[in-house]
>>> print(open('structure.cif').read())   # mmCIF, C-alpha atoms
data_upload
#
loop_
_atom_site.label_atom_id
_atom_site.label_comp_id
_atom_site.auth_asym_id
_atom_site.auth_seq_id
_atom_site.Cartn_x
_atom_site.Cartn_y
_atom_site.Cartn_z
CA MET A 1 100.62 100.45 101.12
CA PHE A 2 102.91 100.95 98.10
CA ILE A 3 105.65 102.08 100.52
CA LEU A 4 105.04 99.17 102.90
CA VAL A 5 105.32 96.65 100.06
CA ILE A 6 108.63 98.20 98.95
CA ILE A 7 110.08 98.24 102.46
CA THR A 8 109.02 94.65 103.18
CA ASN A 9 110.40 93.45 99.86
CA ILE A 10 113.75 95.18 100.37
CA LEU A 11 114.15 93.81 103.89
CA SER A 12 113.22 90.27 102.83
CA SER A 13 115.41 90.40 99.70
CA THR A 14 118.31 91.65 101.81
CA GLN A 15 118.03 88.53 103.97
CA LEU A 16 118.23 86.36 100.85
CA GLY A 17 121.10 88.44 99.50
CA SER A 18 123.09 87.76 102.67
CA LEU A 19 122.87 84.07 101.73
CA ASN A 20 123.99 84.77 98.15
CA ILE A 21 120.49 83.99 96.82
CA THR A 22 119.38 86.29 94.01
CA ILE A 23 116.72 84.20 92.16
CA VAL A 24 118.06 85.71 88.93
CA GLY A 25 119.66 83.05 86.79
CA PRO A 26 120.97 79.65 87.92
CA PRO A 27 122.95 79.41 91.19
CA ASP A 28 126.69 79.93 90.80
CA ASN A 29 127.53 77.38 93.47
CA ILE A 30 124.58 75.55 95.03
CA SER A 31 126.82 73.82 97.60
CA GLU A 32 128.09 77.18 98.85
CA ILE A 33 124.57 78.58 99.00
CA MET A 34 123.33 75.57 100.97
CA MET A 35 126.24 75.95 103.40
CA ASN A 36 125.34 79.63 103.86
CA ILE A 37 121.70 78.78 104.53
CA SER A 38 122.56 76.05 107.04
CA ASN A 39 125.01 78.31 108.87
CA ASN A 40 122.50 81.16 109.03
CA PRO A 41 119.00 79.64 109.01
CA SER A 42 117.48 82.68 110.70
CA ALA A 43 118.12 84.77 107.56
CA MET A 44 116.11 82.33 105.44
CA GLN A 45 113.40 82.11 108.09
CA MET A 46 113.14 85.90 108.32
CA SER A 47 112.92 86.18 104.53
CA ILE A 48 110.10 83.62 104.47
CA ILE A 49 108.15 85.53 107.11
CA GLY A 50 108.84 88.82 105.36
CA PHE A 51 107.64 87.61 101.96
CA LEU A 52 104.49 86.13 103.51
CA ILE A 53 103.78 89.55 105.01
CA GLU A 54 104.45 91.11 101.61
CA ALA A 55 101.91 88.76 100.02
CA CYS A 56 99.27 90.02 102.45
CA GLU A 57 100.25 93.63 101.72
CA ILE A 58 99.98 93.07 97.95
CA ALA A 59 96.51 91.56 98.41
CA LEU A 60 95.39 94.55 100.48
CA LEU A 61 96.89 96.98 97.96
CA SER A 62 94.95 95.20 95.21
CA VAL A 63 91.71 95.68 97.14
CA LEU A 64 92.44 99.38 97.72
CA LEU A 65 93.28 100.05 94.06
CA TYR A 66 90.24 98.16 92.81
CA THR A 67 87.98 100.07 95.20
CA ILE A 68 89.29 103.43 93.99
CA LEU A 69 89.64 102.69 90.28
CA LYS A 70 86.72 100.38 89.46
CA LYS A 71 84.49 103.30 88.41
CA GLN A 72 86.96 104.17 85.67
CA ASN A 73 86.51 100.77 84.04
CA ASN A 74 85.22 97.90 86.14
CA VAL A 75 86.42 95.17 83.75
CA ILE A 76 90.00 96.47 83.60
CA ALA A 77 90.01 97.06 87.36
CA ARG A 78 88.84 93.48 87.95
CA TRP A 79 91.60 92.10 85.73
CA GLY A 80 94.17 94.22 87.55
CA PHE A 81 92.81 93.07 90.89
CA GLY A 82 92.84 89.40 89.84
CA LEU A 83 96.38 89.60 88.47
CA TRP A 84 97.76 91.22 91.62
CA ILE A 85 95.95 88.69 93.81
CA GLY A 86 97.66 86.10 91.62
CA GLU A 87 100.97 87.84 92.28
CA ALA A 88 100.33 87.65 96.03
CA ILE A 89 99.63 83.92 95.70
CA PHE A 90 102.88 83.42 93.75
CA VAL A 91 104.82 85.27 96.47
CA ALA A 92 103.29 83.04 99.17
CA VAL A 93 103.76 79.79 97.23
CA LYS A 94 107.41 80.64 96.52
CA GLN A 95 108.06 80.34 100.25
CA LEU A 96 107.37 76.61 100.03
CA GLY A 97 110.46 76.39 97.83
CA SER A 98 112.40 78.51 100.32
CA PHE A 99 111.38 76.30 103.22
CA ALA A 100 112.28 73.15 101.27
CA LEU A 101 115.69 74.62 100.37
CA LEU A 102 116.28 75.45 104.04
CA TYR A 103 115.49 71.88 105.11
CA VAL A 104 117.65 70.28 102.39
CA SER A 105 120.53 72.64 103.22
CA GLN A 106 120.46 71.63 106.87
CA GLU A 107 120.37 67.93 105.97
CA PHE A 108 123.24 68.53 103.53
CA VAL A 109 125.45 69.88 106.30
CA LYS A 110 124.40 67.12 108.72
CA ALA A 111 125.54 64.59 106.12
CA GLY A 112 128.99 66.17 106.10
CA ALA A 113 128.51 68.36 103.01
CA PRO A 114 129.44 65.65 100.46
CA VAL A 115 131.05 67.01 97.31
CA SER A 116 128.63 65.28 94.97
CA SER A 117 125.30 63.95 96.21
CA HIS A 118 121.54 64.10 95.77
CA PHE A 119 121.49 67.07 98.18
CA GLN A 120 122.94 69.37 95.51
CA THR A 121 120.42 68.06 93.00
CA LEU A 122 117.51 68.73 95.34
CA GLY A 123 118.92 72.09 96.37
CA GLY A 124 119.33 73.16 92.75
CA LEU A 125 115.79 71.96 91.97
CA PHE A 126 114.25 73.98 94.79
CA TYR A 127 116.35 77.00 93.86
CA GLU A 128 115.16 76.85 90.27
CA LEU A 129 111.59 76.30 91.45
CA MET A 130 111.82 79.55 93.42
CA GLN A 131 113.12 81.27 90.29
CA PHE A 132 110.32 79.84 88.13
CA ILE A 133 107.66 81.01 90.59
CA TYR A 134 109.32 84.43 90.76
CA ASP A 135 109.10 84.71 86.96
CA GLY A 136 105.37 83.97 87.15
CA GLN A 137 104.98 86.50 89.94
CA MET A 138 106.62 89.22 87.85
CA VAL A 139 104.40 88.49 84.83
CA PHE A 140 101.28 88.88 86.96
CA TYR A 141 102.66 92.02 88.59
CA THR A 142 103.68 93.79 85.40
CA VAL A 143 100.46 93.07 83.49
CA GLY A 144 98.29 94.00 86.47
CA GLY A 145 100.40 97.11 87.00
CA ILE A 146 99.92 98.25 83.41
CA LEU A 147 96.14 97.96 83.85
CA PHE A 148 96.03 99.78 87.20
CA TYR A 149 98.38 102.53 86.06
CA TYR A 150 96.32 103.02 82.90
CA LEU A 151 93.26 103.58 85.10
CA PHE A 152 95.24 106.09 87.15
CA LEU A 153 96.09 107.87 83.90
CA LYS A 154 92.45 107.82 82.84
CA SER A 155 91.25 109.16 86.20
CA LYS A 156 93.87 111.94 86.26
CA SER A 157 93.84 111.51 90.03
CA ILE A 158 97.66 111.64 90.13
CA PRO A 159 100.09 113.54 87.90
CA VAL A 160 100.01 112.24 84.33
CA ALA A 161 103.80 111.93 84.31
CA ILE A 162 103.70 109.46 87.22
CA SER A 163 101.01 107.35 85.53
CA ILE A 164 102.92 107.24 82.23
CA PHE A 165 106.15 106.43 84.10
CA GLY A 166 104.37 103.49 85.74
CA ILE A 167 102.97 102.17 82.46
CA LEU A 168 106.39 102.38 80.79
CA ALA A 169 108.24 100.82 83.75
CA ALA A 170 105.77 97.93 84.01
CA SER A 171 105.80 97.42 80.23
CA LEU A 172 109.60 97.31 80.16
CA GLY A 173 109.57 94.85 83.04
CA PHE A 174 107.03 92.66 81.25
CA VAL A 175 109.12 92.52 78.06
CA GLY A 176 112.24 91.78 80.10
CA GLU A 177 110.50 89.00 82.01
CA MET A 178 109.19 87.41 78.82
CA LEU A 179 112.70 87.39 77.37
CA ALA A 180 114.06 85.94 80.63
CA ILE A 181 111.51 83.13 80.51
CA LEU A 182 112.63 82.39 76.95
CA GLY A 183 116.17 81.94 78.24
CA TYR A 184 117.76 85.31 77.51
CA ASN A 185 120.08 86.88 80.06
CA ILE A 186 118.32 90.13 80.97
CA PRO A 187 120.26 92.73 83.02
CA LEU A 188 118.74 93.84 86.31
CA ILE A 189 118.60 97.45 85.06
CA VAL A 190 115.56 96.52 82.93
CA PHE A 191 113.52 96.00 86.10
CA LEU A 192 114.96 98.85 88.17
CA PRO A 193 112.57 101.62 86.92
CA ILE A 194 109.73 99.85 88.78
CA LEU A 195 111.27 100.77 92.15
CA PRO A 196 111.44 104.57 91.72
CA PHE A 197 107.94 104.55 90.24
CA GLU A 198 106.44 102.75 93.23
CA LEU A 199 108.30 105.12 95.54
CA ALA A 200 106.98 108.10 93.56
CA ILE A 201 103.36 106.98 93.51
CA GLY A 202 103.52 105.81 97.12
CA ILE A 203 104.89 109.12 98.38
CA TRP A 204 102.45 111.12 96.23
CA LEU A 205 99.39 109.20 97.44
CA MET A 206 100.59 109.34 101.03
CA ILE A 207 101.19 113.11 101.02
CA LYS A 208 98.80 114.44 98.40
CA GLY A 209 96.23 111.67 98.07
CA THR A 210 94.11 111.38 94.96
CA ARG A 211 92.46 114.50 93.58
CA ASP A 212 89.17 113.57 95.14
CA VAL A 213 88.51 109.89 95.78
CA SER A 214 84.78 110.32 96.27
CA GLU A 215 84.51 112.29 93.03
CA ILE A 216 86.56 109.71 91.13
CA MET A 217 84.30 106.89 92.31
CA LYS A 218 81.24 108.76 91.04
CA HIS A 219 82.57 108.98 87.47
#
>>> encode(input="structure.cif", output="structure tokens")
Amino acid sequence: MFILVIITNILSSTQLGSLNITIVGPPDNISEIMMNISNNPSAMQMSIIGFLIEACEIALLSVLLYTILKKQNNVIARWGFGLWIGEAIFVAVKQLGSFALLYVSQEFVKAGAPVSSHFQTLGGLFYELMQFIYDGQMVFYTVGGILFYYLFLKSKSIPVAISIFGILAASLGFVGEMLAILGYNIPLIVFLPILPFELAIGIWLMIKGTRDVSEIMKH
């Protein structure tokens, strides 16, 4: 499920990237972005579908991790579960902003793409709304991740190095996201360690599995 979430996210983000949408910082040229969306609506539509699928995958992953790790510490596992369910909700709700931006972009082009109009104002508003929701999503993900990865470390069901890597990557991402919310320009490299960690833990669990799931759940 870790691998599926990564693949779905990359595919959906690639669709947004083709429209020059990054959701990191304010839009460079909202008129150009809206033109791109209107000229290629299928890319936005595919991204919306992809992220909705990702939200379902995150929810299922949360259930799986809670089921395996709750015996380590039920309170921490519940908090991790709740935070990642919150992340899934943020991912789904963000698509309302995407759909609204798609609609406004199409109306913008139908109106002849005026140089200065309320369309740019609405488009910029929906774009920034998507960014705001994404910031909330990342806060829920990083905090929930720290809790889950701590329980993995405690259970010793995966290599300690992978667990520590996850805690550090999620912690770095949390600090970066807090600074971004406060208005600082945070480079993308701060969040990049999360990707190789999720690949590492996903591949490990897929090939090796946990040490002994039934034994872990007894402790």
>>> atom_distance(input="structure.cif", atom1="atom CA of A:Gly176", atom2="atom CA of A:Leu19")
25.3 Å
>>> residues_around(input="structure.cif", residues="A:Ile158", least_positions_apart="2", cutoff="8 Å", atoms="all atoms listed in the file", output="list in words")
Phe152, Leu153, Ser155, Lys156, Val160, Ile162, Ser163, Trp204, Leu205, Thr210 and Arg211 of chain A
>>> residues_around(input="structure.cif", residues="stretch 55-63 of chain A", least_positions_apart="5", cutoff="8 Å", atoms="all atoms listed in the file", output="list in words")
Met1, Phe2, Leu4, Val5, Gly80, Phe81, Trp84, Ile85, Glu87, Ala88, Ile89, Val91 and Ala92 of chain A
>>> closest_residue(input="structure.cif", among="A:Met44, A:Met35, A:Ile76, A:Ile194", to="A:Leu11", atoms="all atoms listed in the file")
A:Met44
>>> residues_near_point(input="structure.cif", point="(120.5, 67.7, 106.6)", cutoff="12 Å", atoms="all atoms listed in the file", output="list in words")
Met34, Met35, Ile37, Ser38, Asn39, Ala100, Leu101, Leu102, Tyr103, Val104, Ser105, Gln106, Glu107, Phe108, Val109, Lys110, Ala111, Gly112, Ala113, Pro114, His118, Phe119, Gln120, Leu122 and Gly123 of chain A
>>> atom_distance(input="structure.cif", atom1="atom CA of A:Thr121", atom2="atom CA of A:Leu52")
26.3 Å
>>> resolve_selection(input="structure.cif", expression="the PyMOL selection byres ((chain A and resi 184-187) around 12)", output="ChimeraX atom specification")
/A:24-26,172-183,188-192
>>> resolve_selection(input="structure.cif", expression="the PyMOL selection byres ((chain A and resi 78) around 12)", output="PyMOL selection string")
chain A and resi 62-77+79-85+144+147-148+151
>>> residues_near_point(input="structure.cif", point="(103.9, 83.6, 86.0)", cutoff="10 Å", atoms="only C-alpha atoms", output="list in words")
Leu83, Gly86, Glu87, Phe90, Phe132, Ile133, Tyr134, Asp135, Gly136, Gln137, Met138, Val139, Phe140, Tyr141, Glu177, Met178 and Ile181 of chain A
>>> write_last_selection(input="structure.cif", atoms="C-alpha atoms", output="PDB file, in the frame of the given file")
ATOM      1  CA  LEU A  83      96.380  89.600  88.470  1.00  0.00           C
ATOM      2  CA  GLY A  86      97.660  86.100  91.620  1.00  0.00           C
ATOM      3  CA  GLU A  87     100.970  87.840  92.280  1.00  0.00           C
ATOM      4  CA  PHE A  90     102.880  83.420  93.750  1.00  0.00           C
ATOM      5  CA  PHE A 132     110.320  79.840  88.130  1.00  0.00           C
ATOM      6  CA  ILE A 133     107.660  81.010  90.590  1.00  0.00           C
ATOM      7  CA  TYR A 134     109.320  84.430  90.760  1.00  0.00           C
ATOM      8  CA  ASP A 135     109.100  84.710  86.960  1.00  0.00           C
ATOM      9  CA  GLY A 136     105.370  83.970  87.150  1.00  0.00           C
ATOM     10  CA  GLN A 137     104.980  86.500  89.940  1.00  0.00           C
ATOM     11  CA  MET A 138     106.620  89.220  87.850  1.00  0.00           C
ATOM     12  CA  VAL A 139     104.400  88.490  84.830  1.00  0.00           C
ATOM     13  CA  PHE A 140     101.280  88.880  86.960  1.00  0.00           C
ATOM     14  CA  TYR A 141     102.660  92.020  88.590  1.00  0.00           C
ATOM     15  CA  GLU A 177     110.500  89.000  82.010  1.00  0.00           C
ATOM     16  CA  MET A 178     109.190  87.410  78.820  1.00  0.00           C
ATOM     17  CA  ILE A 181     111.510  83.130  80.510  1.00  0.00           C
TER      18      ILE A 181
END
>>> atom_distance(input="structure.cif", atom1="atom CA of A:Leu199", atom2="atom CA of A:Gly17")
21.4 Å
>>> closest_residue(input="structure.cif", among="A:Leu129, A:Leu168, A:Ile53, A:Leu16", to="A:Pro41", atoms="all atoms listed in the file")
A:Leu16
>>> resolve_selection(input="structure.cif", expression="the PyMOL selection byres ((chain A and resi 9) around 10)", output="ChimeraX atom specification")
/A:3-8,10-15,47,50-51,53-55
>>> closest_residue(input="structure.cif", among="A:Thr142, A:Ser117, A:Ser42, A:Ser157", to="A:Ala169", atoms="all atoms listed in the file")
A:Thr142
>>> closest_residue(input="structure.cif", among="A:Ser116, A:Gln95, A:Asn36, A:Ser31", to="A:Ser18", atoms="all atoms listed in the file")
A:Asn36
>>> closest_residue(input="structure.cif", among="A:Phe165, A:Phe197, A:Tyr150, A:Phe126", to="A:Ile21", atoms="only C-alpha atoms")
A:Phe126
>>> axis_aligned_box(input="structure.cif", around="stretch 63-77 of chain A", padding_each_side="6 Å", output="lines of an AutoDock Vina configuration file")
center_x = 88.9
center_y = 99.7
center_z = 90.7
size_x = 20.8
size_y = 21.0
size_z = 26.1
